[in-house]
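A short write-up of the structure that comes next.
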Amino acid sequence: MHTKHRIELIIERMAYKRACRLLEAAGMTGYTVLPALAGFGGGNRWQRDSDISMARDMVVIVSIGDEERVQNAIEQIESLLGSHVGVVNISEVRVLRDERF
Amino acid sequence: MHTKHRIELIIERMAYKRACRLLEAAGMTGYTVLPALAGFGGGNRWQRDSDISMARDMVVIVSIGDEERVQNAIEQIESLLGSHVGVVNISEVRVLRDERF
Amino acid sequence: MHTKHRIELIIERMAYKRACRLLEAAGMTGYTVLPALAGFGGGNRWQRDSDISMARDMVVIVSIGDEERVQNAIEQIESLLGSHVGVVNISEVRVLRDERF
Amino acid sequence: MDIVASTLLSPIILFFMLGMAAALLRSQMSVPEAFAKGLAIYLMMAIGLKGGVEMSKNPLTIEVGLVLLAGAVLSFALPVIAFVLLRFTTKLERIDAAATAAHYGSISIVTFVAASEAVRASGLVASGHMVAVAAIMETPAIVSALLLALTGKQAKSIAGAERGELFREVALNASIVVLVGALAIGWIAGEEGTQQVEPFFVGMFQGVLCLFLLDMGLNAGRGLRNGWRSLGIGTVGFGFYMPLISAGITALICMALPISVGDAALLMTLAASASYIAVPAAMRLALPEAKPSVYLTLSLGITFPFNVTIGIPIYIWLAHVVAN
Amino acid sequence: MDIVASTLLSPIILFFMLGMAAALLRSQMSVPEAFAKGLAIYLMMAIGLKGGVEMSKNPLTIEVGLVLLAGAVLSFALPVIAFVLLRFTTKLERIDAAATAAHYGSISIVTFVAASEAVRASGLVASGHMVAVAAIMETPAIVSALLLALTGKQAKSIAGAERGELFREVALNASIVVLVGALAIGWIAGEEGTQQVEPFFVGMFQGVLCLFLLDMGLNAGRGLRNGWRSLGIGTVGFGFYMPLISAGITALICMALPISVGDAALLMTLAASASYIAVPAAMRLALPEAKPSVYLTLSLGITFPFNVTIGIPIYIWLAHVVAN
Amino acid sequence: MDIVASTLLSPIILFFMLGMAAALLRSQMSVPEAFAKGLAIYLMMAIGLKGGVEMSKNPLTIEVGLVLLAGAVLSFALPVIAFVLLRFTTKLERIDAAATAAHYGSISIVTFVAASEAVRASGLVASGHMVAVAAIMETPAIVSALLLALTGKQAKSIAGAERGELFREVALNASIVVLVGALAIGWIAGEEGTQQVEPFFVGMFQGVLCLFLLDMGLNAGRGLRNGWRSLGIGTVGFGFYMPLISAGITALICMALPISVGDAALLMTLAASASYIAVPAAMRLALPEAKPSVYLTLSLGITFPFNVTIGIPIYIWLAHVVAN
Ligand SMILES: Nc1ncnc2c1ncn2[C@@H]1O[C@H](COP(=O)(O)O)[C@@H](O)[C@H]1O
Ligand SMILES: Nc1ncnc2c1ncn2[C@@H]1O[C@H](COP(=O)(O)O)[C@@H](O)[C@H]1O
Ligand SMILES: Nc1ncnc2c1ncn2[C@@H]1O[C@H](COP(=O)(O)O)[C@@H](O)[C@H]1O
Ligand code: NA
Ligand code: NA
Ligand code: NA
């Protein structure tokens, strides 16, 4: 078991490809994007099935990698987040198969 | 980077608005709800696409906030969970943009 | 509040039932499966809505349990992962209602 | 019997059986939930519109009012019978018995549609206002069952701010909104006004129903395969005899009502059918401790297949006996 | 007026009102997003094909070119007017005003369809190339609004590699791809070539529209209920008077154009309608700081209901005045 | 040639090309997966029912049995040829070559449908039992390819408890369940019994196909754009010449079979088509180490577009040569 860092980035669905490109550029070897169903932030609630434009939909991007790359990725994401509504959190996790990261 | 707490609440889809209202009441500044596809608990399996009533569907609510509010939220959720089938876990994470929480 | 371990297993949708069976066999009392929308790994990107075969879809399995069972589960999953493309991570979390795990 | 054969060999029922067989053989195929929910909304719109258009052709009479009243009373009363039977003949806990009882007092709109087809196929005529009866029977059973559950000690679970939420779920769930709304729209717009939407809502109806019943078969089969172990033999039996009891009671009521054979057959079917969409959802809110594996397996895995195959021909036959 | 009654009592609008009422009464029902998006694609295919087939019957004339040009100019110009009005009469920030302005310069294809039905119902004729006008009006408003936003200091947000992404979202979004594509296919295949797909794309159209408008009503009502608090009275008012201003300006232009009454009514409707699918998505990419709760509540919660109920009859009446 | 033009200019193919063009131009539009999967189930039901109804009109003859047998043999044998070609002409690993071979032995039902339309459009007649041939050809190729893969050392991967799961996925996947089930239902219910569902399953078929092919075009284009870099030139070439080889071999077999021109064209199309729904899913279970970016890019990104545009006219022409 090896210690890695896990980024969890909650961001607008429309902007997720931008964030993904940043993760790739920062050298992360993989990520997975999960759809959200509903949420609340800044005093506003949203719900996927009540908005056909998808303009308020959010997704959660999970990416696991070693400390250095994650640090790298976070710096880039920080600037992206300047204009977007996302929330990002990082935690330490243990993983199998170190060679994959 | 600032340390925050991350609540992850797995609860019935039909009841998620109740849980969300508690989170809002506890002062959490945001949360995101993810749909689940399938699951297992109490000896029973369920699958989203095999149940048109959605009565067994679960969702995962993720909410990040400071320790105090999370503590506050958890107390409220504990009473809600008395009758519901949810599972809740809390972990420590680091976040960007402290001012948003 | 009690300390438990949280497994997060990212695996092909087609193979998730195999992983679930292993978790059940390892004595985990529950798990929840979340659908993914898109992802990147091994140099390839995928997107759910661009592939009607679902052959590239991934899911995220979250399962919370006590240390011993999680250890047990991980050993089994390690062998499953031999042939599958999954990523697995483990973290420590605090939970309510110890008796449910 | 001829009705039995023509019911069992109609494409609708054959697709249901196909789905059920596939699920029991453990095929992994499934109809995506979002698609099936969309079809369900279509079906309720189509049923409501049809009923509304037909109602617009005839004046509302006292006879219609009596049938509506009979429906409401049945929906209130049947859960009490179901609850007592479950408590005496099975080991189900009070709360599971009450939740299950709610399902059997309420109705299954797909069973209603299947019966409407069978009624038409056997040369009978059914009235448009039976859709209104279906709508009216959705809710009282839930209220009735909650009262049964709350006489126990779980009372706290529906206190406070959640009552509003529960009320909206019970009174404004998708089935009721769409069914009653489409009924009203059909009534307002009338035959002429709905002519342009007829190819979609009338022409496609039977076909969409096939697709939907394929999914229902998959759901029913899967529910049965996963759930039957958690049910005792008494509970399984209940899934078979309760519809017959409900239909029998309704038959008695029909003898006292000025009701046509076709309408009587549909009223019996409504009474005999068990909800598997609206009520399970409401129960999750109102009685979260009740086990879905009990009530869903019973209503969807046992009673629904029983009704659409064997039940409906029985109810039509019974209608010939009690009405005229 | 007769048009008003027949518009308001058509099943399409009644289903819209049903959805809106259900949402305002806080019903939890919803149409799954995946299903609604599928229906939206169907509708755009059907509209495009119909327009293309009709265009294939007539040669392209200079008159058609003039109407297309008028549409493009309106789409460019209206956001400027909307922006100025919002900045002077409301407290919206520059970026929110610009994002909102983009919506009002662009168009709502469902409003267009509802107007087409009303035009037809009132005995007028509309041309196939109005679909091309609709397609052409989708995009210029976005460009115009971005220029307005960027004259402020947010300029950095659309720099660099993101411009390509934004261009593709704006020029190749689903509405434009499907609408323009289907228009071309209808044109190429002609009446004969599309005969086989007619039962689906023509026969089902009105019915699918009912289902879609039920969902639109739910969305609009929910948007309104959640969002109205965040809008000042001036902003709410804008949602009502801006469509009238747009239609009025278009009416003036129509007086100078060789345009039929039916086409004029549609052009006014296009100008008066506000986007709630393509533009919000583009704004999320281009101006992520702008608040969706402002522009979506306005366009979907206020202007869309206004247009499909009261607006369209007004525009048809106005078309009789200015065109012939 | 006339067939080529009428194939290429039919709305179905034009919508496919629209989708492909949009994806290659990097439009972000997409058809939600849940909706597309729902349409796929509809299409398979419609195809199965149609075949079944037609089969119910004619007795089953030895000739039919021979064509079914030919289909099964082809599905078994073609993967061997594909595998050998891939191993000798490309750098693909054994497991990737085997997984790809499975796709080319199995069939694409949408290609089959497109060919059926083209056959009909060129004045030929095809038999209902060709749907049964399609169903029979789905599976043997998978078995054959697994044997090829397992003669290597990956043998362990299909051991133990997973064999049952794999068997169910292969023998009871959605395509087979729905196709064979609907075929049987069409056969049982016959023309009269399915009359009520005809407006949905026959009338809508062409239109739904347009919508589905728009999505297929998007998928194919996106697959091609993302995947072509990971394929060598030899592998890309295989995607073009393998369908021709399969069709050629089938042509030889057709010379020995008592088969009509229309049926021969369809049999060649089935042989030439490559699976992109059922087989990829099965490969993920059976050979998870094989790369989807190889086999999906080939079957969906190259062979499918090739077949529906150029291939089908060639096979129809070839059918005229070998059958009569
Ligand atoms: N503290 C939080 N925890 C989890 N999700 C959040 C949080 N804050 C915001 N979100 C998500 O981000 C979306 C936009 O929030 P905001 O950036 O506050 O407007 C919300 O609708 C939520 O889905
Ligand atoms: N230990 C667990 N880890 C993750 N999810 C769980 C766990 N236990 C229960 N769940 C989820 O909660 C649902 C209800 O479980 P239960 O409350 O045990 O009936 C399950 O179907 C799972 O989706
Ligand atoms: N480091 C990672 N973090 C999160 N998800 C990953 C990671 N690596 C791979 N994945 C997911 O697993 C899928 C297959 O990746 P791979 O096993 O690298 O081919 C990807 O498409 C992602 O969805
Ligand atoms: Na009942
Ligand atoms: Na406009
Ligand atoms: Na083949």
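Following the order of the structure tokens, first chain is A, next is B, and so on, with residues numbered from 1 inside each chain and ligands from 1 in the order they appear.
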
request  = Within 10 Å of ligand 1, which residues show up when you count only C-alpha atoms and all ligand atoms? List them as a PyMOL selection string, please.
outcome  = (chain A and resi 9-12+36-47+56-60+81+83-89) or (chain B and resi 4-8+28-34+61-66+95+100-101) or (chain E and resi 289+291-292)

query = Could you write out as number ranges by chain the residues of chain F within 12 Å of chain E, counting only C-alpha atoms?
reply = F: 5-39, 117, 121, 199-212, 214-215, 218

Fit chain C to chain B: least squares, all C-alpha atoms, paired in order; write the output as a compact mmCIF listing (two decimals) with N, CA and C atoms, in the first residue's frame.
```
# COMPACT_ATOMS: atom_id res chain seq x y z
N MET C 1 -3.73 26.44 1.83
CA MET C 1 -4.57 25.25 2.05
C MET C 1 -5.09 25.25 3.49
N HIS C 2 -6.35 24.96 3.63
CA HIS C 2 -6.99 25.02 4.93
C HIS C 2 -7.65 23.69 5.21
N THR C 3 -7.67 23.31 6.48
CA THR C 3 -8.27 22.03 6.81
C THR C 3 -9.77 22.19 7.05
N LYS C 4 -10.54 21.34 6.40
CA LYS C 4 -12.00 21.36 6.59
C LYS C 4 -12.46 19.93 6.82
N HIS C 5 -13.75 19.80 7.10
CA HIS C 5 -14.30 18.46 7.24
C HIS C 5 -15.23 18.17 6.08
N ARG C 6 -15.21 16.93 5.66
CA ARG C 6 -16.03 16.50 4.53
C ARG C 6 -17.02 15.45 5.03
N ILE C 7 -18.31 15.77 4.93
CA ILE C 7 -19.35 14.80 5.28
C ILE C 7 -19.75 14.07 4.01
N GLU C 8 -19.88 12.77 4.12
CA GLU C 8 -20.42 11.99 3.00
C GLU C 8 -21.59 11.19 3.55
N LEU C 9 -22.77 11.50 3.07
CA LEU C 9 -23.98 10.92 3.62
C LEU C 9 -24.66 10.10 2.53
N ILE C 10 -24.79 8.79 2.77
CA ILE C 10 -25.47 7.91 1.81
C ILE C 10 -26.88 7.69 2.33
N ILE C 11 -27.87 8.10 1.56
CA ILE C 11 -29.24 8.10 2.09
C ILE C 11 -30.23 7.82 0.97
N GLU C 12 -31.46 7.42 1.32
CA GLU C 12 -32.48 7.15 0.31
C GLU C 12 -32.74 8.39 -0.53
N ARG C 13 -32.92 8.18 -1.81
CA ARG C 13 -33.21 9.29 -2.71
C ARG C 13 -34.47 10.04 -2.28
N MET C 14 -35.48 9.29 -1.86
CA MET C 14 -36.74 9.92 -1.47
C MET C 14 -36.56 10.87 -0.29
N ALA C 15 -35.52 10.63 0.51
CA ALA C 15 -35.37 11.42 1.73
C ALA C 15 -34.28 12.46 1.63
N TYR C 16 -33.69 12.62 0.44
CA TYR C 16 -32.49 13.46 0.42
C TYR C 16 -32.79 14.92 0.70
N LYS C 17 -33.98 15.36 0.34
CA LYS C 17 -34.28 16.76 0.59
C LYS C 17 -34.36 17.05 2.09
N ARG C 18 -34.82 16.07 2.84
CA ARG C 18 -34.82 16.24 4.30
C ARG C 18 -33.40 16.45 4.81
N ALA C 19 -32.50 15.59 4.36
CA ALA C 19 -31.11 15.70 4.81
C ALA C 19 -30.53 17.04 4.38
N CYS C 20 -30.85 17.46 3.15
CA CYS C 20 -30.31 18.72 2.65
C CYS C 20 -30.78 19.89 3.50
N ARG C 21 -32.05 19.84 3.86
CA ARG C 21 -32.58 20.93 4.69
C ARG C 21 -31.83 20.99 6.03
N LEU C 22 -31.51 19.82 6.57
CA LEU C 22 -30.76 19.82 7.82
C LEU C 22 -29.37 20.42 7.63
N LEU C 23 -28.72 20.08 6.52
CA LEU C 23 -27.39 20.64 6.27
C LEU C 23 -27.47 22.16 6.16
N GLU C 24 -28.50 22.63 5.47
CA GLU C 24 -28.66 24.08 5.34
C GLU C 24 -28.90 24.71 6.71
N ALA C 25 -29.76 24.07 7.48
CA ALA C 25 -30.07 24.60 8.80
C ALA C 25 -28.84 24.62 9.69
N ALA C 26 -27.96 23.65 9.51
CA ALA C 26 -26.75 23.60 10.33
C ALA C 26 -25.70 24.61 9.87
N GLY C 27 -26.01 25.36 8.82
CA GLY C 27 -25.10 26.41 8.39
C GLY C 27 -24.07 25.99 7.36
N MET C 28 -24.18 24.77 6.83
CA MET C 28 -23.24 24.36 5.78
C MET C 28 -23.47 25.29 4.58
N THR C 29 -22.39 25.75 3.96
CA THR C 29 -22.55 26.72 2.87
C THR C 29 -22.84 26.08 1.52
N GLY C 30 -22.70 24.76 1.44
CA GLY C 30 -22.99 24.10 0.17
C GLY C 30 -22.98 22.60 0.32
N TYR C 31 -23.56 21.94 -0.65
CA TYR C 31 -23.47 20.48 -0.72
C TYR C 31 -23.75 20.07 -2.16
N THR C 32 -23.38 18.84 -2.49
CA THR C 32 -23.61 18.31 -3.82
C THR C 32 -24.16 16.89 -3.68
N VAL C 33 -25.19 16.58 -4.45
CA VAL C 33 -25.86 15.29 -4.34
C VAL C 33 -25.53 14.46 -5.57
N LEU C 34 -25.02 13.25 -5.37
CA LEU C 34 -24.69 12.35 -6.48
C LEU C 34 -25.65 11.17 -6.52
N PRO C 35 -26.12 10.79 -7.69
CA PRO C 35 -27.01 9.63 -7.79
C PRO C 35 -26.21 8.34 -7.67
N ALA C 36 -26.80 7.33 -7.06
CA ALA C 36 -26.17 6.01 -7.06
C ALA C 36 -26.87 5.12 -8.08
N LEU C 37 -26.20 4.05 -8.45
CA LEU C 37 -26.63 3.18 -9.53
C LEU C 37 -27.10 1.85 -8.98
N ALA C 38 -26.52 1.45 -7.87
CA ALA C 38 -26.80 0.16 -7.29
C ALA C 38 -26.20 0.15 -5.90
N GLY C 39 -26.53 -0.86 -5.12
CA GLY C 39 -25.95 -0.94 -3.79
C GLY C 39 -26.37 -2.20 -3.07
N PHE C 40 -25.85 -2.30 -1.85
CA PHE C 40 -26.08 -3.49 -1.03
C PHE C 40 -26.04 -3.03 0.41
N GLY C 41 -26.95 -3.54 1.22
CA GLY C 41 -26.97 -3.19 2.63
C GLY C 41 -28.06 -3.99 3.31
N GLY C 42 -27.82 -4.37 4.55
CA GLY C 42 -28.83 -5.14 5.27
C GLY C 42 -29.21 -6.42 4.54
N GLY C 43 -28.27 -6.98 3.80
CA GLY C 43 -28.53 -8.24 3.11
C GLY C 43 -29.28 -8.12 1.80
N ASN C 44 -29.67 -6.90 1.43
CA ASN C 44 -30.43 -6.70 0.19
C ASN C 44 -29.64 -5.92 -0.85
N ARG C 45 -29.73 -6.37 -2.09
CA ARG C 45 -29.15 -5.61 -3.20
C ARG C 45 -30.24 -4.80 -3.88
N TRP C 46 -29.84 -3.65 -4.45
CA TRP C 46 -30.78 -2.91 -5.29
C TRP C 46 -30.04 -2.41 -6.51
N GLN C 47 -30.84 -2.07 -7.53
CA GLN C 47 -30.31 -1.60 -8.81
C GLN C 47 -31.26 -0.55 -9.36
N ARG C 48 -30.74 0.57 -9.75
CA ARG C 48 -31.60 1.65 -10.19
C ARG C 48 -32.52 1.25 -11.35
N ASP C 49 -31.95 0.61 -12.37
CA ASP C 49 -32.73 0.36 -13.57
C ASP C 49 -33.73 -0.79 -13.42
N SER C 50 -33.78 -1.40 -12.23
CA SER C 50 -34.74 -2.49 -12.04
C SER C 50 -35.87 -2.10 -11.12
N ASP C 51 -36.08 -0.84 -10.93
CA ASP C 51 -37.13 -0.47 -9.97
C ASP C 51 -37.68 0.89 -10.35
N ILE C 52 -38.82 0.86 -11.02
CA ILE C 52 -39.35 2.10 -11.54
C ILE C 52 -39.91 3.01 -10.45
N SER C 53 -40.13 2.49 -9.27
CA SER C 53 -40.67 3.34 -8.20
C SER C 53 -39.59 4.23 -7.58
N MET C 54 -38.34 3.91 -7.81
CA MET C 54 -37.22 4.63 -7.19
C MET C 54 -37.22 4.51 -5.67
N ALA C 55 -38.04 3.64 -5.12
CA ALA C 55 -38.15 3.57 -3.67
C ALA C 55 -36.86 3.07 -3.02
N ARG C 56 -36.04 2.38 -3.77
CA ARG C 56 -34.81 1.85 -3.17
C ARG C 56 -33.58 2.62 -3.59
N ASP C 57 -33.73 3.57 -4.50
CA ASP C 57 -32.59 4.37 -4.94
C ASP C 57 -31.95 5.10 -3.77
N MET C 58 -30.64 5.19 -3.83
CA MET C 58 -29.90 5.94 -2.82
C MET C 58 -29.17 7.09 -3.52
N VAL C 59 -28.79 8.09 -2.75
CA VAL C 59 -27.92 9.14 -3.27
C VAL C 59 -26.78 9.33 -2.28
N VAL C 60 -25.74 9.99 -2.73
CA VAL C 60 -24.61 10.32 -1.86
C VAL C 60 -24.52 11.84 -1.78
N ILE C 61 -24.62 12.37 -0.59
CA ILE C 61 -24.51 13.82 -0.40
C ILE C 61 -23.13 14.14 0.12
N VAL C 62 -22.42 15.00 -0.58
CA VAL C 62 -21.08 15.42 -0.14
C VAL C 62 -21.16 16.88 0.26
N SER C 63 -20.65 17.18 1.45
CA SER C 63 -20.68 18.57 1.89
C SER C 63 -19.40 18.87 2.65
N ILE C 64 -18.77 19.98 2.29
CA ILE C 64 -17.50 20.36 2.91
C ILE C 64 -17.70 21.63 3.71
N GLY C 65 -17.20 21.66 4.93
CA GLY C 65 -17.37 22.83 5.76
C GLY C 65 -16.41 22.83 6.93
N ASP C 66 -16.48 23.87 7.75
CA ASP C 66 -15.55 23.89 8.87
C ASP C 66 -16.03 23.00 10.02
N GLU C 67 -15.12 22.69 10.90
CA GLU C 67 -15.35 21.66 11.90
C GLU C 67 -16.64 21.88 12.69
N GLU C 68 -16.81 23.12 13.12
CA GLU C 68 -17.94 23.45 13.99
C GLU C 68 -19.29 23.16 13.31
N ARG C 69 -19.42 23.67 12.11
CA ARG C 69 -20.68 23.46 11.39
C ARG C 69 -20.90 21.99 11.08
N VAL C 70 -19.84 21.30 10.70
CA VAL C 70 -19.98 19.89 10.41
C VAL C 70 -20.46 19.15 11.67
N GLN C 71 -19.89 19.53 12.81
CA GLN C 71 -20.30 18.90 14.07
C GLN C 71 -21.79 19.12 14.29
N ASN C 72 -22.17 20.36 14.09
CA ASN C 72 -23.55 20.78 14.19
C ASN C 72 -24.44 19.94 13.26
N ALA C 73 -24.02 19.82 12.03
CA ALA C 73 -24.80 19.09 11.02
C ALA C 73 -24.93 17.62 11.43
N ILE C 74 -23.84 17.06 11.93
CA ILE C 74 -23.86 15.64 12.26
C ILE C 74 -24.86 15.33 13.36
N GLU C 75 -24.94 16.23 14.32
CA GLU C 75 -25.89 15.99 15.40
C GLU C 75 -27.33 15.92 14.87
N GLN C 76 -27.60 16.83 13.95
CA GLN C 76 -28.95 16.84 13.39
C GLN C 76 -29.20 15.60 12.54
N ILE C 77 -28.18 15.24 11.77
CA ILE C 77 -28.34 14.09 10.88
C ILE C 77 -28.53 12.82 11.69
N GLU C 78 -27.84 12.77 12.83
CA GLU C 78 -27.96 11.57 13.66
C GLU C 78 -29.42 11.27 13.99
N SER C 79 -30.18 12.32 14.28
CA SER C 79 -31.57 12.06 14.63
C SER C 79 -32.39 11.68 13.39
N LEU C 80 -32.07 12.30 12.26
CA LEU C 80 -32.75 11.94 11.02
C LEU C 80 -32.51 10.47 10.70
N LEU C 81 -31.26 10.04 10.94
CA LEU C 81 -30.89 8.67 10.59
C LEU C 81 -31.61 7.65 11.46
N GLY C 82 -32.21 8.13 12.54
CA GLY C 82 -32.94 7.21 13.39
C GLY C 82 -33.88 6.34 12.58
N SER C 83 -34.58 6.97 11.65
CA SER C 83 -35.57 6.20 10.90
C SER C 83 -35.13 5.86 9.49
N HIS C 84 -34.08 6.49 9.01
CA HIS C 84 -33.69 6.24 7.62
C HIS C 84 -32.54 5.25 7.54
N VAL C 85 -32.26 4.79 6.31
CA VAL C 85 -31.30 3.71 6.17
C VAL C 85 -29.89 4.20 5.86
N GLY C 86 -29.62 5.48 6.04
CA GLY C 86 -28.36 6.02 5.57
C GLY C 86 -27.11 5.57 6.32
N VAL C 87 -25.98 5.88 5.71
CA VAL C 87 -24.66 5.69 6.28
C VAL C 87 -23.96 7.03 6.15
N VAL C 88 -23.28 7.46 7.21
CA VAL C 88 -22.61 8.75 7.12
C VAL C 88 -21.15 8.60 7.53
N ASN C 89 -20.24 9.25 6.81
CA ASN C 89 -18.85 9.26 7.25
C ASN C 89 -18.24 10.64 7.12
N ILE C 90 -17.28 10.91 7.96
CA ILE C 90 -16.65 12.23 8.00
C ILE C 90 -15.14 12.05 7.86
N SER C 91 -14.52 12.91 7.06
CA SER C 91 -13.06 12.84 6.97
C SER C 91 -12.49 14.25 6.92
N GLU C 92 -11.19 14.35 7.15
CA GLU C 92 -10.53 15.65 7.08
C GLU C 92 -9.94 15.85 5.70
N VAL C 93 -10.13 17.04 5.17
CA VAL C 93 -9.58 17.34 3.85
C VAL C 93 -8.97 18.73 3.88
N ARG C 94 -8.13 18.99 2.90
CA ARG C 94 -7.60 20.34 2.73
C ARG C 94 -8.32 20.99 1.56
N VAL C 95 -8.56 22.28 1.67
CA VAL C 95 -9.29 22.96 0.59
C VAL C 95 -8.56 24.22 0.16
N LEU C 96 -8.89 24.68 -1.03
CA LEU C 96 -8.50 26.00 -1.49
C LEU C 96 -9.62 26.97 -1.13
N ARG C 97 -9.34 28.24 -1.15
CA ARG C 97 -10.37 29.26 -1.01
C ARG C 97 -11.19 29.12 0.28
N ASP C 98 -10.49 29.31 1.40
CA ASP C 98 -11.11 29.18 2.70
C ASP C 98 -12.38 30.02 2.84
N GLU C 99 -12.38 31.18 2.20
CA GLU C 99 -13.47 32.13 2.41
C GLU C 99 -14.82 31.60 1.92
N ARG C 100 -14.81 30.53 1.15
CA ARG C 100 -16.08 30.03 0.62
C ARG C 100 -16.81 29.12 1.57
N PHE C 101 -16.21 28.80 2.73
CA PHE C 101 -16.86 27.79 3.59
C PHE C 101 -17.41 28.37 4.88
```

task = For ligand 6, collect every residue having any atom at a distance of at most 6 Å from a ligand atom (counting only C-alpha atoms and all ligand atoms); output as a PyMOL selection string.
result = chain F and resi 104-107+270-274

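We find atom CA of Tyr276 of chain D and atom CA of Leu179 of chain D to be spaced 16.0 Å apart.
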
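The interatomic distance for the pair atom CA of Val322 of chain D and atom CA of Phe112 of chain D works out to 19.2 Å.
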
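With only C-alpha atoms taken into account, the protein and nucleic acid residues at most 10 Å from Leu68 of chain D (excluding it and anything under 3 positions from it in its own chain) are Ile62, Glu63, Val64, Gly65, Gly71, Ala72, Val73, Leu74, His129, Met130, Val131, Ala132, Val133, Ala134, Ala135, Ile136, Met137 and Leu267 of chain D.
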
query = as a ChimeraX atom specification, which residues of chain C does DSSP assign to strand (DSSP E or B)?
reply = /C:2-12,30-35,38-41,44-47,58-65,87-95

Test item: residues at most 12 Å from Ala97 of chain F, only C-alpha atoms, excluding those fewer than 4 positions along its chain, as a PyMOL selection string = chain F and resi 79-93+101-104+145-146+148-149+152+235+238+283+287+289-292+294-295+298

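Counting from atom CA of Phe306 of chain D, the distance to atom CA of Pro140 of chain D is 23.7 Å.
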
key: All alpha helix (DSSP H) positions in segment 27-189 of chain E, as a count of residues only   = 124
